[in-house]
file target_25.cif (mmCIF, C-alpha atoms (C1' of nucleotides))
data_query
#
loop_
_atom_site.label_atom_id
_atom_site.label_comp_id
_atom_site.auth_asym_id
_atom_site.auth_seq_id
_atom_site.Cartn_x
_atom_site.Cartn_y
_atom_site.Cartn_z
CA MET A 182 -3.96 16.05 74.00
CA LYS A 183 -6.70 14.66 76.16
CA PHE A 184 -6.41 11.95 78.77
CA ASP A 185 -8.84 9.88 80.77
CA ASN A 186 -7.55 11.53 83.88
CA ASP A 187 -5.27 14.41 84.48
CA ARG A 188 -4.92 13.15 88.02
CA ILE A 189 -3.80 9.58 88.04
CA LYS A 190 -3.29 7.67 91.19
CA ILE A 191 0.05 5.91 91.20
CA ASP A 192 0.97 3.94 94.27
CA GLY A 193 4.31 2.56 95.33
CA ILE A 194 3.89 -0.67 93.40
CA ASP A 195 3.09 1.20 90.19
CA LYS A 196 6.18 3.29 90.71
CA LYS A 197 8.35 0.22 91.13
CA ILE A 198 6.96 -1.32 87.96
CA ILE A 199 7.52 1.87 86.01
CA ARG A 200 11.05 2.25 87.32
CA TYR A 201 11.96 -1.28 86.26
CA LEU A 202 10.51 -0.86 82.80
CA MET A 203 11.96 2.60 82.30
CA GLN A 204 15.46 1.20 82.50
CA ASP A 205 14.68 -1.95 80.54
CA ALA A 206 11.44 -2.15 78.61
CA ARG A 207 11.99 -5.82 77.73
CA LYS A 208 12.33 -6.98 81.31
CA PRO A 209 9.89 -9.87 81.73
CA ILE A 210 6.84 -8.94 83.74
CA LEU A 211 7.10 -12.16 85.72
CA GLU A 212 10.61 -11.22 86.79
CA ILE A 213 9.38 -7.87 88.06
CA ALA A 214 6.52 -9.67 89.76
CA ARG A 215 8.93 -11.88 91.68
CA LYS A 216 11.08 -8.94 92.74
CA ILE A 217 8.13 -6.92 93.95
CA GLY A 218 6.38 -9.89 95.47
CA ILE A 219 3.02 -9.94 93.69
CA SER A 220 1.67 -12.04 90.86
CA GLY A 221 2.41 -11.43 87.22
CA ALA A 222 -1.24 -10.96 86.43
CA ALA A 223 -1.47 -8.11 88.93
CA ILE A 224 1.37 -6.30 87.20
CA HIS A 225 -0.28 -6.93 83.89
CA GLN A 226 -3.51 -5.35 85.14
CA ARG A 227 -1.66 -2.33 86.50
CA LEU A 228 0.21 -1.88 83.25
CA ARG A 229 -3.03 -1.87 81.30
CA LYS A 230 -4.35 0.77 83.64
CA LEU A 231 -1.19 2.87 83.22
CA GLU A 232 -1.34 2.50 79.46
CA THR A 233 -4.96 3.61 79.14
CA SER A 234 -4.24 6.51 81.46
CA GLY A 235 -1.72 7.78 78.92
CA LEU A 236 1.20 7.76 81.31
CA MET A 237 3.10 5.04 79.51
CA SER A 238 3.24 6.18 75.94
CA GLY A 239 5.18 3.22 74.61
CA SER A 240 8.63 1.76 74.66
CA LYS A 241 11.66 2.39 72.56
CA PHE A 242 14.77 0.47 71.76
CA VAL A 243 17.68 2.81 72.32
CA ILE A 244 20.45 2.68 69.79
CA ASN A 245 23.94 4.00 70.29
CA PRO A 246 24.62 6.50 67.51
CA LYS A 247 28.35 6.45 68.19
CA VAL A 248 28.56 2.93 66.82
CA LEU A 249 27.12 4.21 63.57
CA GLY A 250 29.70 6.98 63.50
CA TYR A 251 27.44 9.77 64.72
CA THR A 252 29.62 11.59 67.22
CA THR A 253 28.78 15.26 66.77
CA MET A 254 25.72 16.58 68.54
CA ALA A 255 24.76 20.22 68.37
CA TYR A 256 22.01 22.63 69.26
CA ILE A 257 21.11 25.22 66.70
CA GLY A 258 19.11 28.36 67.38
CA ILE A 259 17.25 29.49 64.28
CA PHE A 260 16.07 33.03 63.48
CA LEU A 261 13.11 33.09 61.12
CA ASP A 262 11.86 36.02 59.04
CA LYS A 263 8.71 37.45 60.53
CA ALA A 264 6.91 36.82 57.27
CA MET A 265 7.69 33.14 57.32
CA SER A 266 5.07 30.82 58.65
CA ASN A 267 6.87 28.79 61.28
CA PRO A 268 4.99 25.53 60.75
CA LYS A 269 6.28 25.46 57.19
CA ALA A 270 9.84 25.67 58.44
CA VAL A 271 9.20 22.86 60.90
CA LYS A 272 7.87 20.71 58.06
CA GLU A 273 11.12 21.26 56.21
CA LEU A 274 13.17 20.49 59.31
CA GLU A 275 11.25 17.25 59.71
CA LYS A 276 12.58 16.12 56.36
CA ILE A 277 16.16 16.44 57.62
CA PRO A 278 16.92 13.15 59.39
CA GLU A 279 19.74 14.67 61.40
CA VAL A 280 17.24 16.87 63.23
CA LEU A 281 16.21 15.00 66.38
CA GLU A 282 14.36 17.69 68.29
CA CYS A 283 12.64 20.92 67.38
CA HIS A 284 11.17 23.45 69.78
CA TYR A 285 9.47 26.78 69.46
CA THR A 286 11.15 28.80 72.16
CA THR A 287 10.97 32.07 73.97
CA GLY A 288 14.03 34.29 73.73
CA ASN A 289 16.27 35.18 70.85
CA TRP A 290 15.41 32.48 68.38
CA SER A 291 12.21 31.36 66.77
CA ILE A 292 13.21 27.73 66.88
CA LEU A 293 15.77 25.65 68.73
CA ILE A 294 16.75 22.30 67.25
CA LYS A 295 19.01 19.45 68.22
CA VAL A 296 20.97 17.75 65.46
CA LEU A 297 23.17 14.66 65.41
CA CYS A 298 25.87 14.37 62.78
CA LYS A 299 28.82 12.14 62.03
CA ASP A 300 31.44 14.87 62.32
CA ASN A 301 31.95 18.59 61.96
CA GLU A 302 32.02 18.35 58.20
CA HIS A 303 28.66 16.61 58.22
CA LEU A 304 27.31 19.26 60.59
CA MET A 305 28.60 21.97 58.29
CA HIS A 306 26.75 20.37 55.39
CA VAL A 307 23.50 20.11 57.32
CA LEU A 308 23.80 23.73 58.36
CA ASN A 309 24.72 25.25 55.02
CA LYS A 310 23.06 22.93 52.56
CA GLU A 311 19.95 21.92 54.47
CA ILE A 312 18.94 24.31 57.20
CA GLN A 313 20.10 27.57 55.67
CA GLN A 314 18.31 26.65 52.45
CA ILE A 315 14.93 26.56 54.16
CA GLN A 316 12.78 29.50 53.15
CA GLY A 317 12.47 31.97 55.99
CA VAL A 318 15.62 31.00 57.84
CA SER A 319 17.65 34.17 58.20
CA ARG A 320 20.38 33.28 60.66
CA THR A 321 21.50 30.47 62.93
CA GLU A 322 23.61 30.05 66.05
CA THR A 323 25.28 26.72 66.66
CA PHE A 324 26.35 25.18 69.94
CA ILE A 325 28.25 21.97 69.64
CA SER A 326 27.88 19.54 72.50
CA LEU A 327 31.41 18.58 73.46
CA ASN A 328 30.19 16.02 75.93
CA GLN A 329 26.79 14.95 77.14
CA GLN A 330 26.96 14.34 80.86
CA ILE A 331 23.32 13.67 81.71
CA ASP A 332 20.58 12.05 79.65
CA ARG A 333 17.51 10.74 81.42
CA GLN A 334 13.75 10.86 81.75
CA ILE A 335 11.73 12.47 84.49
CA GLN A 336 12.00 10.57 87.75
CA ILE A 337 8.99 8.72 89.14
CA MET B 282 33.99 3.73 74.99
CA LYS B 283 35.31 0.72 73.15
CA PHE B 284 33.36 -1.58 70.89
CA ASP B 285 34.07 -4.86 69.19
CA ASN B 286 33.85 -3.11 65.87
CA ASP B 287 33.66 0.48 64.87
CA ARG B 288 32.42 -0.70 61.50
CA ILE B 289 29.42 -2.89 61.91
CA LYS B 290 27.71 -4.41 58.99
CA ILE B 291 23.98 -3.89 59.12
CA ASP B 292 21.95 -5.27 56.28
CA GLY B 293 18.39 -4.59 55.29
CA ILE B 294 16.97 -7.24 57.60
CA ASP B 295 18.85 -5.83 60.57
CA LYS B 296 17.49 -2.41 59.75
CA LYS B 297 13.94 -3.69 59.61
CA ILE B 298 14.33 -5.39 62.97
CA ILE B 299 15.81 -2.27 64.53
CA ARG B 300 13.10 -0.08 63.10
CA TYR B 301 10.38 -2.27 64.53
CA LEU B 302 11.98 -2.39 67.96
CA MET B 303 12.80 1.30 68.01
CA GLN B 304 9.13 2.14 67.88
CA ASP B 305 8.05 -0.63 70.23
CA ALA B 306 10.67 -2.43 72.27
CA ARG B 307 8.20 -5.00 73.56
CA LYS B 308 7.05 -6.13 70.15
CA PRO B 309 7.33 -9.91 70.12
CA ILE B 310 10.23 -11.17 68.07
CA LEU B 311 8.08 -13.80 66.43
CA GLU B 312 5.69 -11.13 65.24
CA ILE B 313 8.57 -9.28 63.61
CA ALA B 314 9.75 -12.58 62.17
CA ARG B 315 6.42 -13.14 60.50
CA LYS B 316 6.33 -9.62 59.05
CA ILE B 317 9.84 -9.85 57.67
CA GLY B 318 9.46 -13.43 56.54
CA ILE B 319 12.25 -15.22 58.37
CA SER B 320 12.29 -17.42 61.44
CA GLY B 321 12.25 -16.15 64.99
CA ALA B 322 15.54 -17.81 65.78
CA ALA B 323 17.26 -15.91 62.99
CA ILE B 324 16.06 -12.61 64.43
CA HIS B 325 17.20 -13.74 67.81
CA GLN B 326 20.69 -14.42 66.50
CA ARG B 327 20.87 -11.07 64.75
CA LEU B 328 19.74 -9.27 67.86
CA ARG B 329 22.48 -10.89 69.91
CA LYS B 330 25.00 -9.77 67.32
CA LEU B 331 23.65 -6.23 67.40
CA GLU B 332 23.71 -6.20 71.17
CA THR B 333 27.31 -7.33 71.49
CA SER B 334 28.29 -4.82 68.83
CA GLY B 335 27.08 -2.08 71.16
CA LEU B 336 24.58 -0.67 68.71
CA MET B 337 21.55 -1.53 70.78
CA SER B 338 22.25 -0.01 74.13
CA GLY B 339 19.04 -1.05 75.80
CA SER B 340 15.38 -0.27 75.82
CA LYS B 341 13.32 2.26 77.69
CA PHE B 342 9.70 2.59 78.59
CA VAL B 343 8.67 6.08 77.61
CA ILE B 344 6.44 7.92 80.02
CA ASN B 345 4.36 10.95 79.20
CA PRO B 346 5.36 13.70 81.63
CA LYS B 347 2.27 15.74 80.80
CA VAL B 348 0.11 13.20 82.57
CA LEU B 349 2.13 13.82 85.70
CA GLY B 350 1.63 17.56 85.32
CA TYR B 351 5.05 18.34 83.88
CA THR B 352 4.22 20.74 81.08
CA THR B 353 7.06 23.27 81.09
CA MET B 354 10.24 22.33 79.29
CA ALA B 355 13.14 24.72 79.05
CA TYR B 356 16.74 24.93 77.95
CA ILE B 357 19.09 26.84 80.21
CA GLY B 358 22.51 28.11 79.21
CA ILE B 359 24.79 28.36 82.21
CA PHE B 360 27.84 30.60 82.59
CA LEU B 361 30.39 29.23 85.04
CA ASP B 362 33.19 31.14 86.75
CA LYS B 363 36.53 30.26 85.24
CA ALA B 364 37.75 29.16 88.63
CA MET B 365 35.01 26.62 89.00
CA SER B 366 35.72 23.07 88.06
CA ASN B 367 32.94 22.14 85.68
CA PRO B 368 32.62 18.49 86.72
CA LYS B 369 31.70 19.65 90.19
CA ALA B 370 28.85 21.72 88.81
CA VAL B 371 27.64 18.76 86.76
CA LYS B 372 27.59 16.65 89.91
CA GLU B 373 25.33 19.20 91.54
CA LEU B 374 23.11 19.37 88.47
CA GLU B 375 22.77 15.61 88.57
CA LYS B 376 21.15 15.91 91.98
CA ILE B 377 18.38 18.07 90.56
CA PRO B 378 15.78 15.66 89.20
CA GLU B 379 14.27 18.26 86.89
CA VAL B 380 17.52 18.34 84.89
CA LEU B 381 17.14 15.81 82.06
CA GLU B 382 20.14 16.65 79.90
CA CYS B 383 23.45 18.36 80.44
CA HIS B 384 26.01 19.25 77.78
CA TYR B 385 29.34 20.98 77.76
CA THR B 386 29.04 23.23 74.75
CA THR B 387 31.02 25.50 72.52
CA GLY B 388 29.84 29.09 72.37
CA ASN B 389 28.63 31.50 74.97
CA TRP B 390 27.87 29.13 77.82
CA SER B 391 29.89 26.58 79.70
CA ILE B 392 26.96 24.24 80.01
CA LEU B 393 23.58 23.82 78.35
CA ILE B 394 20.90 21.90 80.21
CA LYS B 395 17.37 20.79 79.54
CA VAL B 396 14.90 20.91 82.40
CA LEU B 397 11.34 19.71 82.75
CA CYS B 398 9.06 21.38 85.29
CA LYS B 399 5.40 21.39 86.18
CA ASP B 400 4.86 25.07 85.42
CA ASN B 401 6.62 28.39 85.28
CA GLU B 402 6.58 28.74 89.04
CA HIS B 403 8.30 25.41 89.39
CA LEU B 404 10.84 26.42 86.75
CA MET B 405 11.46 29.65 88.64
CA HIS B 406 12.14 27.68 91.78
CA VAL B 407 14.56 25.33 90.03
CA LEU B 408 16.36 28.29 88.52
CA ASN B 409 16.65 30.47 91.59
CA LYS B 410 16.75 27.96 94.41
CA GLU B 411 18.61 25.10 92.79
CA ILE B 412 20.72 26.07 89.81
CA GLN B 413 21.73 29.57 90.86
CA GLN B 414 22.78 28.20 94.24
CA ILE B 415 25.42 25.96 92.72
CA GLN B 416 28.92 27.21 93.40
CA GLY B 417 30.49 28.65 90.28
CA VAL B 418 27.27 29.44 88.45
CA SER B 419 27.44 33.11 87.59
CA ARG B 420 24.61 33.68 85.15
CA THR B 421 21.97 31.77 83.23
CA GLU B 422 19.89 32.26 80.10
CA THR B 423 16.57 30.48 79.87
CA PHE B 424 14.68 29.44 76.76
CA ILE B 425 11.27 28.01 77.41
CA SER B 426 10.03 25.46 74.90
CA LEU B 427 6.57 26.63 73.93
CA ASN B 428 5.96 23.53 71.88
CA GLN B 429 8.07 20.56 70.95
CA GLN B 430 7.42 19.66 67.34
CA ILE B 431 9.96 16.91 66.75
CA ASP B 432 11.33 14.26 69.10
CA ARG B 433 12.98 11.20 67.64
CA GLN B 434 16.09 9.08 67.44
CA ILE B 435 18.55 8.88 64.61
CA GLN B 436 17.10 7.10 61.59
CA ILE B 437 18.42 3.71 60.56
"C1'" DG C 252 -5.45 -8.94 94.64
"C1'" DT C 253 -4.86 -14.51 93.45
"C1'" DT C 254 -4.51 -19.03 90.82
"C1'" DG C 255 -4.56 -21.95 86.84
"C1'" DA C 256 -4.34 -23.15 82.03
"C1'" DA C 257 -3.87 -22.43 77.14
"C1'" DA C 258 -1.40 -19.92 73.83
"C1'" DC C 259 2.52 -18.00 72.84
"C1'" DA C 260 7.45 -16.50 72.88
"C1'" DC C 261 12.24 -17.30 74.06
"C1'" DG C 262 16.66 -19.30 73.45
"C1'" DG C 263 19.45 -23.19 72.84
"C1'" DA C 264 20.96 -27.45 69.99
"C1'" DA C 265 21.43 -29.78 65.91
"C1'" DC C 266 21.44 -29.31 61.32
"C1'" DC C 267 21.42 -27.58 56.25
"C1'" DC C 268 23.08 -24.60 52.42
"C1'" DG D 99 28.87 -17.18 57.55
"C1'" DG D 100 23.93 -17.25 57.28
"C1'" DG D 101 19.60 -19.76 57.52
"C1'" DT D 102 16.16 -23.55 59.23
"C1'" DT D 103 13.31 -26.75 62.41
"C1'" DC D 104 12.60 -28.86 66.80
"C1'" DC D 105 11.77 -28.61 71.66
"C1'" DG D 106 11.99 -27.66 76.72
"C1'" DT D 107 11.46 -23.74 79.56
"C1'" DG D 108 9.52 -19.47 80.72
"C1'" DT D 109 6.13 -15.74 79.76
"C1'" DT D 110 1.88 -13.55 78.51
"C1'" DT D 111 -2.89 -13.18 78.80
"C1'" DC D 112 -7.07 -14.73 79.66
"C1'" DA D 113 -11.00 -16.16 82.68
"C1'" DA D 114 -12.75 -17.36 87.14
"C1'" DC D 115 -12.13 -16.89 91.95
#
call {"tool": "encode", "arguments": {"input": "target_25.cif", "output": "C-alpha cells"}}
result
Amino acid sequence: MKFDNDRIKIDGIDKKIIRYLMQDARKPILEIARKIGISGAAIHQRLRKLETSGLMSGSKFVINPKVLGYTTMAYIGIFLDKAMSNPKAVKELEKIPEVLECHYTTGNWSILIKVLCKDNEHLMHVLNKEIQQIQGVSRTETFISLNQQIDRQIQI
Amino acid sequence: MKFDNDRIKIDGIDKKIIRYLMQDARKPILEIARKIGISGAAIHQRLRKLETSGLMSGSKFVINPKVLGYTTMAYIGIFLDKAMSNPKAVKELEKIPEVLECHYTTGNWSILIKVLCKDNEHLMHVLNKEIQQIQGVSRTETFISLNQQIDRQIQI
DNA sequence: GTTGAAACACGGAACCC
DNA sequence: GGGTTCCGTGTTTCAAC
C-alpha cells in the first residue's frame, strides 16, 4: 500500500474528531463541532484531509453476532504441506463465511484463522467438512474462545 | 446479555440495508432507499427495529494503523499461574493500549491476546516490559502475523 | 479557521393497504 | 403488521471570506 504521507500530522482537534467517530461513525459532524467548539465546516475539511491521507479507511456498522445465534468463536492454527501453495489455501478459506480473519504467522503453524460459529457442532462441521477438506491442510489446532474480554481498535 | 428477542426476523430488505451499512456506516439512508426501491422512512423504521433488537450494536470509524506506523501484529498465548485470578490479569492487559483483543481460551494457554505494535522492537518491549511484568504471567508464546489476508465481519 | 445558503437527509405524524 | 407521503428541523457541503 502507498499513502500520500507516511508521516501525517494529527493535532489535538483531529484526535478528538477521530475519537468521537471511532465510537460512533454516524455521530453528526455538527454535534462534534459543537462539543469541540469549532465550526462544522472545519471538521468537514479535516475529515477530508484525514480520508485522503489514508488514515480513515472507512466506517462499518457493527452487528452483534450473538443475536443471530453465533456464540462460538475460535482460533484455529493450520499446518500446511510444504508443497501446497499458501495463497491457494487462503482463497479456499475466503470462501468459508465463518472465517473472519486469516494470518500468515511465524511459529508452529502456516496460517492462523479466526472463525465464528453458532455452536460447537457448527464449529465441528466447519473444521471437518470445510477446513480439513482444503488441499494442503495437514493438521489443525483449535482454541475456542470461552469469553472475549477486550475488543478494540488502536488508541489515538 | 438479554435481548428483546433471541429470534429476530430479518427479511431480504433488512439484509440489504445491513449489508450497505456494514461496508459504510455513513451512507445516507435515502441513498440506500433509492437503491433498494423503498422510501427512506421505511428504512428508518426498519433500522429502529434492528437497533432495539440488539442486532446493530453501533458503528465504528475504521482507522488504518499502518498510516500511524503500526505495522507489526501478533497473537500471544499467555500461561497464567494457577494461583492467579485471571480477571486481575485481564484488568492489567486492558491498561496496555497495544492489546486489541483478549480471550479466555481452551487449550494450552489461559489467555490469547492480539497486539498491534509499530515494529518488532516495540513488540519486544510490550512483551518483556508490560505483559511479562503482570503478576501471574508465567510464560508466553508469540505468533507474529506476517500478513493478514482476511478481515471481515460475519456475513448476513 | 469562519459564515451563509442551497441541497439534502432525518425523523416524526398522519394515513393507506 | 408493513408501507407511503408530507413537512419541519437539522445536517452536509459548497463557495466566498
call {"tool": "residues_near_point", "arguments": {"input": "target_25.cif", "point": "(23.8, 7.3, 58.2)", "cutoff": "10 Å", "atoms": "only C-alpha atoms (C1' of nucleotides)", "output": "list in words"}}
result
Pro246, Leu249, Gly250, Tyr251, Pro278, Glu279, Cys298 and Lys299 of chain A; Ile435, Gln436 and Ile437 of chain B
call {"tool": "resolve_selection", "arguments": {"input": "target_25.cif", "expression": "the PyMOL selection byres ((chain B and resi 415-418) around 9)", "output": "VMD selection string"}}
result
chain B and resid 359 to 367 369 to 370 373 to 374 411 to 414 419 to 421
call {"tool": "interface_residues", "arguments": {"input": "target_25.cif", "of": "chain C", "to": "chain B", "cutoff": "9 Å", "atoms": "only C-alpha atoms (C1' of nucleotides)", "output": "VMD selection string"}}
result
chain C and resid 260 to 262
call {"tool": "closest_atom_pairs", "arguments": {"input": "target_25.cif", "of": "chain D", "to": "chain B", "cutoff": "9 Å", "atoms": "only C-alpha atoms (C1' of nucleotides)", "output": "Markdown table"}}
result
| residue | atom | partner | partner_atom | distance |
| --- | --- | --- | --- | --- |
| D:DG100 | C1' | B:Ala323 | CA | 8.9 |
| D:DG101 | C1' | B:Ala323 | CA | 7.1 |
| D:DT102 | C1' | B:Ser320 | CA | 7.6 |
call {"tool": "write_last_selection", "arguments": {"input": "target_25.cif", "atoms": "C-alpha atoms (C1' of nucleotides)", "output": "tab-separated table (two decimals), in the coordinates of the input"}}
result
chain	number	residue	atom	x	y	z
D	100	DG	C1'	23.93	-17.25	57.28
D	101	DG	C1'	19.60	-19.76	57.52
D	102	DT	C1'	16.16	-23.55	59.23
call {"tool": "closest_atom_pairs", "arguments": {"input": "target_25.cif", "of": "segment 283-335 of chain B", "to": "segment 232-241 of chain A", "cutoff": "10 Å", "atoms": "only C-alpha atoms", "output": "JSON lines"}}
result
{"residue": "B:Arg300", "atom": "CA", "partner": "A:Lys241", "partner_atom": "CA", "distance": 9.9}
{"residue": "B:Tyr301", "atom": "CA", "partner": "A:Lys241", "partner_atom": "CA", "distance": 9.4}
{"residue": "B:Leu302", "atom": "CA", "partner": "A:Lys241", "partner_atom": "CA", "distance": 6.6}
{"residue": "B:Met303", "atom": "CA", "partner": "A:Lys241", "partner_atom": "CA", "distance": 4.8}
{"residue": "B:Gln304", "atom": "CA", "partner": "A:Lys241", "partner_atom": "CA", "distance": 5.3}
{"residue": "B:Asp305", "atom": "CA", "partner": "A:Ser240", "partner_atom": "CA", "distance": 5.1}
{"residue": "B:Ala306", "atom": "CA", "partner": "A:Lys241", "partner_atom": "CA", "distance": 4.9}
{"residue": "B:Arg307", "atom": "CA", "partner": "A:Ser240", "partner_atom": "CA", "distance": 6.9}
{"residue": "B:Lys308", "atom": "CA", "partner": "A:Ser240", "partner_atom": "CA", "distance": 9.2}
call {"tool": "resolve_selection", "arguments": {"input": "target_25.cif", "expression": "the PyMOL selection byres ((chain C and resi 265) around 9)", "output": "ChimeraX atom specification"}}
result
/C:264,266 /D:104
call {"tool": "closest_residue", "arguments": {"input": "target_25.cif", "among": "B:Val396, B:Ile344, B:Ile299, B:Ile289", "to": "chain A", "atoms": "only C-alpha atoms"}}
result
B:Ile344
call {"tool": "atom_distance", "arguments": {"input": "target_25.cif", "atom1": "atom CA of Arg227 of chain A", "atom2": "atom CA of Gly193 of chain A"}}
result
11.7 Å
call {"tool": "resolve_selection", "arguments": {"input": "target_25.cif", "expression": "the PyMOL selection byres ((chain C and resi 253) around 8)", "output": "list in words"}}
result
Ser220 of chain A; DG252 and DT254 of chain C; DC115 of chain D
call {"tool": "residues_around", "arguments": {"input": "target_25.cif", "residues": "Gln430 of chain B", "least_positions_apart": "4", "cutoff": "8 Å", "atoms": "all atoms listed in the file", "output": "PyMOL selection string"}}
result
chain A and resi 271+282-285
call {"tool": "atom_distance", "arguments": {"input": "target_25.cif", "atom1": "atom CA of Thr353 of chain B", "atom2": "atom CA of Lys230 of chain A"}}
result
25.4 Å
call {"tool": "atom_distance", "arguments": {"input": "target_25.cif", "atom1": "atom CA of Gln434 of chain B", "atom2": "atom C1' of DT110 of chain D"}}
result
28.9 Å
call {"tool": "residues_around", "arguments": {"input": "target_25.cif", "residues": "Tyr256 of chain A", "least_positions_apart": "3", "cutoff": "6 Å", "atoms": "only C-alpha atoms (C1' of nucleotides)", "output": "list of chain:residue names"}}
result
A:Ile294, A:Lys295, A:Thr323, A:Phe324
call {"tool": "closest_residue", "arguments": {"input": "target_25.cif", "among": "A:His306, A:Arg333, A:Arg215, A:Lys196", "to": "chain B", "atoms": "all atoms listed in the file"}}
result
A:Arg333
call {"tool": "build_atoms", "arguments": {"input": "target_25.cif", "residues": "segment 220-231 of chain A", "atoms": "N, CA and C atoms", "output": "PDB file, in the coordinates of the input"}}
result
ATOM      1  N   SER A 220       1.780 -11.145  92.012  1.00  0.00           N
ATOM      2  CA  SER A 220       1.670 -12.040  90.860  1.00  0.00           C
ATOM      3  C   SER A 220       1.848 -11.281  89.553  1.00  0.00           C
ATOM      4  N   GLY A 221       2.208 -12.027  88.525  1.00  0.00           N
ATOM      5  CA  GLY A 221       2.410 -11.430  87.220  1.00  0.00           C
ATOM      6  C   GLY A 221       1.127 -10.823  86.671  1.00  0.00           C
ATOM      7  N   ALA A 222       0.034 -11.469  86.944  1.00  0.00           N
ATOM      8  CA  ALA A 222      -1.240 -10.960  86.430  1.00  0.00           C
ATOM      9  C   ALA A 222      -1.563  -9.596  87.025  1.00  0.00           C
ATOM     10  N   ALA A 223      -1.199  -9.403  88.281  1.00  0.00           N
ATOM     11  CA  ALA A 223      -1.470  -8.110  88.930  1.00  0.00           C
ATOM     12  C   ALA A 223      -0.699  -7.004  88.221  1.00  0.00           C
ATOM     13  N   ILE A 224       0.561  -7.296  87.907  1.00  0.00           N
ATOM     14  CA  ILE A 224       1.370  -6.300  87.200  1.00  0.00           C
ATOM     15  C   ILE A 224       0.758  -6.015  85.839  1.00  0.00           C
ATOM     16  N   HIS A 225       0.325  -7.078  85.201  1.00  0.00           N
ATOM     17  CA  HIS A 225      -0.280  -6.930  83.890  1.00  0.00           C
ATOM     18  C   HIS A 225      -1.498  -6.007  83.956  1.00  0.00           C
ATOM     19  N   GLN A 226      -2.323  -6.190  84.977  1.00  0.00           N
ATOM     20  CA  GLN A 226      -3.510  -5.350  85.140  1.00  0.00           C
ATOM     21  C   GLN A 226      -3.119  -3.891  85.385  1.00  0.00           C
ATOM     22  N   ARG A 227      -2.093  -3.701  86.217  1.00  0.00           N
ATOM     23  CA  ARG A 227      -1.660  -2.330  86.500  1.00  0.00           C
ATOM     24  C   ARG A 227      -1.090  -1.674  85.247  1.00  0.00           C
ATOM     25  N   LEU A 228      -0.369  -2.439  84.472  1.00  0.00           N
ATOM     26  CA  LEU A 228       0.210  -1.880  83.250  1.00  0.00           C
ATOM     27  C   LEU A 228      -0.886  -1.431  82.280  1.00  0.00           C
ATOM     28  N   ARG A 229      -1.918  -2.242  82.193  1.00  0.00           N
ATOM     29  CA  ARG A 229      -3.030  -1.870  81.300  1.00  0.00           C
ATOM     30  C   ARG A 229      -3.671  -0.579  81.776  1.00  0.00           C
ATOM     31  N   LYS A 230      -3.780  -0.449  83.079  1.00  0.00           N
ATOM     32  CA  LYS A 230      -4.350   0.770  83.640  1.00  0.00           C
ATOM     33  C   LYS A 230      -3.453   1.973  83.303  1.00  0.00           C
ATOM     34  N   LEU A 231      -2.127   1.771  83.476  1.00  0.00           N
ATOM     35  CA  LEU A 231      -1.190   2.870  83.220  1.00  0.00           C
ATOM     36  C   LEU A 231      -1.158   3.237  81.734  1.00  0.00           C
TER      37      LEU A 231
END
